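Reading through the structure tokens given below for one structure.
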Amino acid sequence: MAFNLKGRHFLTLRDFSTKEIEYLIDLAAELKRLKYAGVKPRTLEGKNIALIFEKPSTRTRCAFTVAAVDEGAHAEYLGKGDIQLGKKESVADTARVLGRMFDGIEFRGFKHETVEELAEYAGIPVWNGLTDRYHPTQILADFLTIKEHKGYLKGIKFAYVGDGRNNMANSLMIGGAKMGMDMRIVSPRELFPEDEIINTAKEIAKGTGATITITDSVDDGVKGVDVIYTDVWVSMGEEEHFEERIRLLKAYQVNMDMIKKADENVLFLHCLPAFHDLKTSVGEEIYQKYGLTAMEVTDEVFESGHSVVFDEAENRVHTIKAVMVATLGNQ
Ligand code: CP
Ligand code: NVA
């Protein structure tokens, strides 16, 4: 084994070197190949995995469950209201109890500090399934998808367009910096990333050849890029901000005009779920209130040949499997 990540937590890509991230992406590609070939190494045989979800999830929950079962582990879903966490029992006490029973813990929730505290007290690997600050397992899936379609990551011209202050923008900036990308955050000034994240990404970039650009100009930001990425305008837990975000982000919608400014073979990525049509209750409500038939991406782009969002969604399972196998597996 080139790297020993055994026993490590996976809370943010800040804690991982370029080589370690590359290793996890390559391991995911290998595990994907094995799964397609019908080979199941079962490196998590007999392990028990706790899945704590304070917020809803389709991809992350299913990816952790399928990845665990593929590798011979048992996954136990602990949803909001199922356990005492934070209500009758502190985070530290919950971590110590789960640490006596399980072999690994996934946590999705509101405050990043909660996943840090779980990691501090659990005594077993803790994996971040999304917090207000970071969504690192998503980045591995995004980067595997880009590597599959473009063949490389270093030097990729990448524009994230939308809410520059959310968990996806933060994580992409850190991940892009680590992988030597030309990373651009394209958002209105009011939603520019926090200085702390920008400065950290720029510091990392010095050692990897990455460039970090923050701009409110769509024309400058997406010109000639290989990848356009967007995310919801309103993240989970911020639902009172729809009106303000629609006002600020309307001009940042990913549509065919924007796609035409990028490289002709530009990929479109989105962590999903996406508001690209009126087939959801929230989408319908927004249409009734504001007259928008789509928010962050038009249906035309979402359904176009540029879009690789379902490859990306599938890659959640292979990359999450790589994280669990690397930190917990019996290799
Ligand atoms: N992209 C992502 O994390 O999706 P879920 O919210 O469905 O897990
Ligand atoms: N920024 C989004 C990501 C969803 C996967 C959210 O936090 O809701």
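Note on naming: chains are A, B, ... as they come in the structure tokens, residues start from 1 per chain, ligands start from 1 in the order shown.
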Using only C-alpha atoms and all ligand atoms, I'd like a table of the residues in chain A that come within 12 Å of ligand 2; for each, show the closest atom pair and its distance in Å rounded to one decimal, ordered by chain and ascending number, as a tab-separated table.
```
residue	atom	partner	partner_atom_place_in_ligand_line	distance
A:Glu54	CA	ligand 2	7 (O)	11.9
A:Lys55	CA	ligand 2	8 (O)	8.8
A:Pro56	CA	ligand 2	8 (O)	9.2
A:Ser57	CA	ligand 2	5 (C)	7.9
A:Thr58	CA	ligand 2	5 (C)	9.2
A:Arg59	CA	ligand 2	5 (C)	8.4
A:Thr60	CA	ligand 2	5 (C)	8.4
A:Arg61	CA	ligand 2	5 (C)	11.2
A:Arg108	CA	ligand 2	7 (O)	9.8
A:Gly109	CA	ligand 2	7 (O)	9.2
A:Phe110	CA	ligand 2	7 (O)	8.8
A:Lys111	CA	ligand 2	7 (O)	11.1
A:His112	CA	ligand 2	7 (O)	11.7
A:Gly129	CA	ligand 2	5 (C)	9.2
A:Leu130	CA	ligand 2	7 (O)	6.9
A:Thr131	CA	ligand 2	7 (O)	7.1
A:Asp132	CA	ligand 2	7 (O)	6.3
A:Arg133	CA	ligand 2	7 (O)	8.5
A:Tyr134	CA	ligand 2	7 (O)	8.6
A:His135	CA	ligand 2	3 (C)	7.5
A:Pro136	CA	ligand 2	5 (C)	10.5
A:Thr137	CA	ligand 2	5 (C)	10.3
A:Gln138	CA	ligand 2	5 (C)	7.8
A:Ile139	CA	ligand 2	5 (C)	10.6
A:Asp142	CA	ligand 2	5 (C)	11.9
A:Gly162	CA	ligand 2	1 (N)	10.2
A:Asp163	CA	ligand 2	1 (N)	8.4
A:Gly164	CA	ligand 2	1 (N)	10.0
A:Arg165	CA	ligand 2	1 (N)	9.2
A:Asn166	CA	ligand 2	1 (N)	5.7
A:Asn167	CA	ligand 2	1 (N)	5.5
A:Met168	CA	ligand 2	1 (N)	5.6
A:Ala169	CA	ligand 2	1 (N)	8.2
A:Asn170	CA	ligand 2	1 (N)	9.9
A:Ser171	CA	ligand 2	1 (N)	10.3
A:Leu172	CA	ligand 2	1 (N)	11.5
A:Thr230	CA	ligand 2	1 (N)	9.5
A:Asp231	CA	ligand 2	1 (N)	6.1
A:Val232	CA	ligand 2	2 (C)	6.0
A:Trp233	CA	ligand 2	1 (N)	7.8
A:Val234	CA	ligand 2	8 (O)	6.8
A:Ser235	CA	ligand 2	8 (O)	3.4
A:Met236	CA	ligand 2	8 (O)	3.8
A:Gly237	CA	ligand 2	8 (O)	7.4
A:Glu238	CA	ligand 2	8 (O)	8.3
A:Glu239	CA	ligand 2	8 (O)	9.6
A:His270	CA	ligand 2	5 (C)	8.8
A:Cys271	CA	ligand 2	5 (C)	5.6
A:Leu272	CA	ligand 2	5 (C)	5.9
A:Pro273	CA	ligand 2	5 (C)	6.7
A:Ala274	CA	ligand 2	4 (C)	9.0
A:Phe275	CA	ligand 2	4 (C)	11.7
A:Glu296	CA	ligand 2	1 (N)	11.8
A:Ala313	CA	ligand 2	5 (C)	10.6
A:Arg316	CA	ligand 2	5 (C)	11.3
```
Counting only C-alpha atoms, what is within 10 Å of Val222 of chain A, bar same-chain residues fewer than 5 positions away, as a PDB file with all heavy atoms, in the first residue's frame?
```pdb
ATOM      1  N   LYS A 157      -9.602  23.820 -15.873  1.00  0.00           N
ATOM      2  CA  LYS A 157     -10.206  25.148 -15.650  1.00  0.00           C
ATOM      3  C   LYS A 157     -11.633  24.922 -15.139  1.00  0.00           C
ATOM      4  O   LYS A 157     -12.474  24.381 -15.865  1.00  0.00           O
ATOM      5  CB  LYS A 157     -10.248  25.945 -16.951  1.00  0.00           C
ATOM      6  CG  LYS A 157      -8.894  26.240 -17.535  1.00  0.00           C
ATOM      7  CD  LYS A 157      -9.066  27.260 -18.673  1.00  0.00           C
ATOM      8  CE  LYS A 157      -7.797  27.434 -19.467  1.00  0.00           C
ATOM      9  NZ  LYS A 157      -7.483  26.281 -20.330  1.00  0.00           N
ATOM     10  N   PHE A 158     -11.869  25.316 -13.913  1.00  0.00           N
ATOM     11  CA  PHE A 158     -13.087  24.925 -13.200  1.00  0.00           C
ATOM     12  C   PHE A 158     -13.810  26.171 -12.691  1.00  0.00           C
ATOM     13  O   PHE A 158     -13.218  26.955 -11.947  1.00  0.00           O
ATOM     14  CB  PHE A 158     -12.659  24.026 -12.021  1.00  0.00           C
ATOM     15  CG  PHE A 158     -13.777  23.364 -11.269  1.00  0.00           C
ATOM     16  CD1 PHE A 158     -13.900  21.979 -11.263  1.00  0.00           C
ATOM     17  CD2 PHE A 158     -14.696  24.101 -10.551  1.00  0.00           C
ATOM     18  CE1 PHE A 158     -14.923  21.351 -10.564  1.00  0.00           C
ATOM     19  CE2 PHE A 158     -15.716  23.487  -9.845  1.00  0.00           C
ATOM     20  CZ  PHE A 158     -15.828  22.110  -9.856  1.00  0.00           C
ATOM     21  N   ALA A 159     -15.054  26.360 -13.091  1.00  0.00           N
ATOM     22  CA  ALA A 159     -15.831  27.494 -12.570  1.00  0.00           C
ATOM     23  C   ALA A 159     -16.993  26.990 -11.727  1.00  0.00           C
ATOM     24  O   ALA A 159     -17.858  26.258 -12.230  1.00  0.00           O
ATOM     25  CB  ALA A 159     -16.359  28.341 -13.719  1.00  0.00           C
ATOM     26  N   TYR A 160     -16.981  27.360 -10.465  1.00  0.00           N
ATOM     27  CA  TYR A 160     -18.146  27.111  -9.599  1.00  0.00           C
ATOM     28  C   TYR A 160     -18.973  28.394  -9.638  1.00  0.00           C
ATOM     29  O   TYR A 160     -18.475  29.470  -9.277  1.00  0.00           O
ATOM     30  CB  TYR A 160     -17.713  26.793  -8.163  1.00  0.00           C
ATOM     31  CG  TYR A 160     -18.887  26.813  -7.207  1.00  0.00           C
ATOM     32  CD1 TYR A 160     -19.644  25.667  -6.971  1.00  0.00           C
ATOM     33  CD2 TYR A 160     -19.266  27.997  -6.565  1.00  0.00           C
ATOM     34  CE1 TYR A 160     -20.746  25.702  -6.126  1.00  0.00           C
ATOM     35  CE2 TYR A 160     -20.365  28.033  -5.715  1.00  0.00           C
ATOM     36  CZ  TYR A 160     -21.096  26.882  -5.503  1.00  0.00           C
ATOM     37  OH  TYR A 160     -22.184  26.909  -4.663  1.00  0.00           O
ATOM     38  N   VAL A 161     -20.224  28.279 -10.051  1.00  0.00           N
ATOM     39  CA  VAL A 161     -21.072  29.463 -10.234  1.00  0.00           C
ATOM     40  C   VAL A 161     -22.255  29.392  -9.271  1.00  0.00           C
ATOM     41  O   VAL A 161     -23.008  28.407  -9.295  1.00  0.00           O
ATOM     42  CB  VAL A 161     -21.620  29.520 -11.682  1.00  0.00           C
ATOM     43  CG1 VAL A 161     -22.374  30.817 -11.915  1.00  0.00           C
ATOM     44  CG2 VAL A 161     -20.495  29.378 -12.703  1.00  0.00           C
ATOM     45  N   ARG A 184     -12.147  28.827 -10.155  1.00  0.00           N
ATOM     46  CA  ARG A 184     -12.794  30.151 -10.157  1.00  0.00           C
ATOM     47  C   ARG A 184     -14.132  30.076  -9.415  1.00  0.00           C
ATOM     48  O   ARG A 184     -14.940  29.201  -9.714  1.00  0.00           O
ATOM     49  CB  ARG A 184     -13.062  30.604 -11.591  1.00  0.00           C
ATOM     50  CG  ARG A 184     -11.811  30.610 -12.457  1.00  0.00           C
ATOM     51  CD  ARG A 184     -12.146  30.134 -13.831  1.00  0.00           C
ATOM     52  NE  ARG A 184     -10.945  30.010 -14.668  1.00  0.00           N
ATOM     53  CZ  ARG A 184     -10.868  30.432 -15.912  1.00  0.00           C
ATOM     54  NH1 ARG A 184     -11.912  30.994 -16.495  1.00  0.00           N
ATOM     55  NH2 ARG A 184      -9.771  30.266 -16.607  1.00  0.00           N
ATOM     56  N   ILE A 185     -14.327  30.985  -8.496  1.00  0.00           N
ATOM     57  CA  ILE A 185     -15.632  31.072  -7.826  1.00  0.00           C
ATOM     58  C   ILE A 185     -16.327  32.283  -8.431  1.00  0.00           C
ATOM     59  O   ILE A 185     -15.817  33.411  -8.357  1.00  0.00           O
ATOM     60  CB  ILE A 185     -15.475  31.246  -6.293  1.00  0.00           C
ATOM     61  CG1 ILE A 185     -14.676  30.084  -5.681  1.00  0.00           C
ATOM     62  CG2 ILE A 185     -16.844  31.408  -5.622  1.00  0.00           C
ATOM     63  CD1 ILE A 185     -15.311  28.727  -5.753  1.00  0.00           C
ATOM     64  N   VAL A 186     -17.468  32.034  -9.047  1.00  0.00           N
ATOM     65  CA  VAL A 186     -18.185  33.087  -9.760  1.00  0.00           C
ATOM     66  C   VAL A 186     -19.492  33.339  -9.020  1.00  0.00           C
ATOM     67  O   VAL A 186     -20.413  32.508  -9.064  1.00  0.00           O
ATOM     68  CB  VAL A 186     -18.464  32.648 -11.218  1.00  0.00           C
ATOM     69  CG1 VAL A 186     -19.044  33.809 -12.010  1.00  0.00           C
ATOM     70  CG2 VAL A 186     -17.196  32.105 -11.874  1.00  0.00           C
ATOM     71  N   SER A 217     -17.907  38.443 -12.167  1.00  0.00           N
ATOM     72  CA  SER A 217     -18.167  38.523 -13.602  1.00  0.00           C
ATOM     73  C   SER A 217     -18.333  37.132 -14.215  1.00  0.00           C
ATOM     74  O   SER A 217     -17.387  36.340 -14.253  1.00  0.00           O
ATOM     75  CB  SER A 217     -17.000  39.243 -14.292  1.00  0.00           C
ATOM     76  OG  SER A 217     -17.022  38.968 -15.676  1.00  0.00           O
ATOM     77  N   VAL A 227     -14.986  22.915 -16.923  1.00  0.00           N
ATOM     78  CA  VAL A 227     -16.070  22.447 -16.047  1.00  0.00           C
ATOM     79  C   VAL A 227     -16.865  23.645 -15.527  1.00  0.00           C
ATOM     80  O   VAL A 227     -16.271  24.628 -15.067  1.00  0.00           O
ATOM     81  CB  VAL A 227     -15.515  21.669 -14.819  1.00  0.00           C
ATOM     82  CG1 VAL A 227     -16.638  21.261 -13.875  1.00  0.00           C
ATOM     83  CG2 VAL A 227     -14.710  20.455 -15.258  1.00  0.00           C
ATOM     84  N   ILE A 228     -18.176  23.561 -15.626  1.00  0.00           N
ATOM     85  CA  ILE A 228     -19.047  24.505 -14.905  1.00  0.00           C
ATOM     86  C   ILE A 228     -19.814  23.700 -13.867  1.00  0.00           C
ATOM     87  O   ILE A 228     -20.397  22.654 -14.173  1.00  0.00           O
ATOM     88  CB  ILE A 228     -20.037  25.232 -15.841  1.00  0.00           C
ATOM     89  CG1 ILE A 228     -19.276  26.159 -16.791  1.00  0.00           C
ATOM     90  CG2 ILE A 228     -21.074  26.020 -15.042  1.00  0.00           C
ATOM     91  CD1 ILE A 228     -20.168  26.965 -17.737  1.00  0.00           C
ATOM     92  N   MET A 258     -24.515  30.726 -20.967  1.00  0.00           N
ATOM     93  CA  MET A 258     -23.301  30.578 -20.162  1.00  0.00           C
ATOM     94  C   MET A 258     -22.436  29.435 -20.698  1.00  0.00           C
ATOM     95  O   MET A 258     -21.212  29.560 -20.815  1.00  0.00           O
ATOM     96  CB  MET A 258     -23.655  30.321 -18.685  1.00  0.00           C
ATOM     97  CG  MET A 258     -22.445  30.376 -17.770  1.00  0.00           C
ATOM     98  SD  MET A 258     -22.792  29.873 -16.077  1.00  0.00           S
ATOM     99  CE  MET A 258     -23.774  31.204 -15.470  1.00  0.00           C
ATOM    100  N   ILE A 259     -23.069  28.332 -21.021  1.00  0.00           N
ATOM    101  CA  ILE A 259     -22.331  27.165 -21.544  1.00  0.00           C
ATOM    102  C   ILE A 259     -21.532  27.560 -22.798  1.00  0.00           C
ATOM    103  O   ILE A 259     -20.386  27.132 -22.979  1.00  0.00           O
ATOM    104  CB  ILE A 259     -23.321  26.003 -21.858  1.00  0.00           C
ATOM    105  CG1 ILE A 259     -23.904  25.435 -20.567  1.00  0.00           C
ATOM    106  CG2 ILE A 259     -22.673  24.916 -22.726  1.00  0.00           C
ATOM    107  CD1 ILE A 259     -22.997  24.556 -19.732  1.00  0.00           C
ATOM    108  N   LYS A 260     -22.108  28.424 -23.614  1.00  0.00           N
ATOM    109  CA  LYS A 260     -21.434  28.825 -24.876  1.00  0.00           C
ATOM    110  C   LYS A 260     -20.172  29.650 -24.624  1.00  0.00           C
ATOM    111  O   LYS A 260     -19.302  29.743 -25.489  1.00  0.00           O
ATOM    112  CB  LYS A 260     -22.415  29.595 -25.763  1.00  0.00           C
ATOM    113  CG  LYS A 260     -23.404  28.661 -26.447  1.00  0.00           C
ATOM    114  CD  LYS A 260     -24.347  29.412 -27.372  1.00  0.00           C
ATOM    115  CE  LYS A 260     -25.504  28.508 -27.765  1.00  0.00           C
ATOM    116  NZ  LYS A 260     -26.799  29.208 -27.726  1.00  0.00           N
ATOM    117  N   LYS A 261     -20.064  30.256 -23.458  1.00  0.00           N
ATOM    118  CA  LYS A 261     -18.869  31.047 -23.141  1.00  0.00           C
ATOM    119  C   LYS A 261     -17.702  30.143 -22.721  1.00  0.00           C
ATOM    120  O   LYS A 261     -16.550  30.567 -22.669  1.00  0.00           O
ATOM    121  CB  LYS A 261     -19.162  32.027 -21.993  1.00  0.00           C
ATOM    122  CG  LYS A 261     -20.238  33.065 -22.302  1.00  0.00           C
ATOM    123  CD  LYS A 261     -20.461  33.931 -21.063  1.00  0.00           C
ATOM    124  CE  LYS A 261     -21.844  34.571 -21.014  1.00  0.00           C
ATOM    125  NZ  LYS A 261     -22.075  35.667 -21.906  1.00  0.00           N
ATOM    126  N   ALA A 262     -18.017  28.894 -22.356  1.00  0.00           N
ATOM    127  CA  ALA A 262     -16.991  27.963 -21.867  1.00  0.00           C
ATOM    128  C   ALA A 262     -16.355  27.220 -23.046  1.00  0.00           C
ATOM    129  O   ALA A 262     -16.689  27.471 -24.202  1.00  0.00           O
ATOM    130  CB  ALA A 262     -17.657  26.967 -20.917  1.00  0.00           C
ATOM    131  N   ASP A 263     -15.453  26.286 -22.736  1.00  0.00           N
ATOM    132  CA  ASP A 263     -14.885  25.432 -23.781  1.00  0.00           C
ATOM    133  C   ASP A 263     -16.026  24.635 -24.444  1.00  0.00           C
ATOM    134  O   ASP A 263     -17.011  24.307 -23.785  1.00  0.00           O
ATOM    135  CB  ASP A 263     -13.879  24.467 -23.135  1.00  0.00           C
ATOM    136  CG  ASP A 263     -13.231  23.562 -24.153  1.00  0.00           C
ATOM    137  OD1 ASP A 263     -12.319  24.031 -24.846  1.00  0.00           O
ATOM    138  OD2 ASP A 263     -13.664  22.389 -24.281  1.00  0.00           O
ATOM    139  N   VAL A 266     -17.219  21.615 -22.572  1.00  0.00           N
ATOM    140  CA  VAL A 266     -17.370  21.836 -21.126  1.00  0.00           C
ATOM    141  C   VAL A 266     -18.293  20.775 -20.515  1.00  0.00           C
ATOM    142  O   VAL A 266     -19.295  20.373 -21.115  1.00  0.00           O
ATOM    143  CB  VAL A 266     -17.907  23.265 -20.840  1.00  0.00           C
ATOM    144  CG1 VAL A 266     -19.319  23.454 -21.387  1.00  0.00           C
ATOM    145  CG2 VAL A 266     -17.861  23.586 -19.357  1.00  0.00           C
TER     146      VAL A 266
END
```
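Closest to ligand 1 among A:Phe16, A:Val297, A:Asn315, A:Ala326 is A:Asn315, based on only C-alpha atoms and all ligand atoms.
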Which of segment 137-229 of chain A DSSP labels strand (DSSP E or B), written as an MDAnalysis selection string: chainID A and resid 157:161 182:186 211:215 227:229
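With only C-alpha atoms and all ligand atoms as the basis for measurement, A:Glu312 is the residue among A:Glu312, A:Glu22, A:Gly86, A:Ala92 that approaches ligand 1 most closely.
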Contact residues around Met173 of chain A with only C-alpha atoms at 8 Å, ignoring same-chain residues under 5 positions, as a list in words: Met183, Ile185, Ile197, Ile198, Ala201 and Ile212 of chain A
Just N, CA and C atoms for this one: save the residues we selected as a JSON list (two decimals), in the first residue's frame.
```json
[["chain", "number", "residue", "atom", "x", "y", "z"],
["A", 183, "MET", "N", -9.08, 27.28, -10.38],
["A", 183, "MET", "CA", -10.38, 27.25, -9.70],
["A", 183, "MET", "C", -10.97, 28.66, -9.62],
["A", 185, "ILE", "N", -14.33, 30.98, -8.50],
["A", 185, "ILE", "CA", -15.63, 31.07, -7.83],
["A", 185, "ILE", "C", -16.33, 32.28, -8.43],
["A", 197, "ILE", "N", -11.31, 31.09, 4.06],
["A", 197, "ILE", "CA", -11.27, 30.00, 3.07],
["A", 197, "ILE", "C", -10.42, 30.41, 1.87],
["A", 198, "ILE", "N", -10.62, 31.65, 1.41],
["A", 198, "ILE", "CA", -9.85, 32.14, 0.25],
["A", 198, "ILE", "C", -8.36, 32.08, 0.58],
["A", 201, "ALA", "N", -7.05, 28.52, 0.69],
["A", 201, "ALA", "CA", -6.94, 27.95, -0.65],
["A", 201, "ALA", "C", -5.73, 28.54, -1.37],
["A", 212, "ILE", "N", -6.45, 30.49, -7.77],
["A", 212, "ILE", "CA", -7.76, 30.70, -7.14],
["A", 212, "ILE", "C", -8.24, 32.09, -7.54]]
```
Pro125 of chain A surroundings by only C-alpha atoms, 6 Å radius, close-in-sequence under 4 positions cut, as a list in words: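 Residues near the query, excluding close chain neighbours: Gly7, Arg8, His9 and Gly104 of chain A.
Using only C-alpha atoms, the smallest distance between any of A:Gly180, A:Gly99, A:Gly305, A:Gly329 and Thr208 of chain A comes from A:Gly180.
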Nearest to Gly79 of chain A, chosen from A:Leu269, A:Ala95, A:Leu51, A:Val225, with only C-alpha atoms counted in the distances: A:Leu51
Residue neighbourhood Thr298 of chain A, 9 Å, only C-alpha atoms, exclusion window fewer than 6 positions, as JSON, numbers by chain: {"A": [253, 254, 255, 256, 275, 276, 277]}
For Ile204 of chain A: contacts at 8 Å, only C-alpha atoms, fewer than 6 positions along chain excluded, given as an MDAnalysis selection string: chainID A and resid 174 177:178
Selected residues written out with C-alpha atoms, as a PDB file, in the first residue's frame:
```
ATOM      1  CA  ILE A 174      -9.873  23.604  -0.974  1.00  0.00           C
ATOM      2  CA  ALA A 177      -6.272  24.101  -4.650  1.00  0.00           C
ATOM      3  CA  LYS A 178      -4.950  20.728  -3.495  1.00  0.00           C
TER       4      LYS A 178
END
```
Which residue of A:Phe268, A:Phe53, A:Tyr252, A:Phe242 approaches ligand 1 most closely, using only C-alpha atoms and all ligand atoms: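 Counting only C-alpha atoms and all ligand atoms, the residue closest to ligand 1 is A:Phe53.
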Nearest-residue call for ligand 1, choices A:Leu34, A:Gly123, A:Leu328, A:Phe107, using only C-alpha atoms and all ligand atoms: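 Nearest to ligand 1: A:Phe107.
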Sel. of alpha helix (DSSP H) residues, segment 128-264 of chain A, as a PyMOL selection string: chain A and resi 136-150+167-178+195-208+218-222+242-249+256-261
Residue neighbourhood Ala67 of chain A, 8 Å, only C-alpha atoms, exclusion window fewer than 5 positions, as an NGL selection string: :A and (317-318 or 320-321)
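Taking atom CA of Phe64 of chain A and atom CA of Thr319 of chain A as endpoints, the distance between them is 9.7 Å.
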Atom pair atom CA of His149 of chain A / atom CA of Thr215 of chain A: separation (Å):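 Atom CA of Thr215 of chain A lies at a distance of 26.4 Å from atom CA of His149 of chain A.
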Point-to-point distance from atom CA of Arg14 of chain A to atom 7 (O, counted along the ligand's line) of ligand 1, Å rounded to tenths: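 Calculated distance between atom CA of Arg14 of chain A and atom 7 (O, counted along the ligand's line) of ligand 1 is 23.1 Å.
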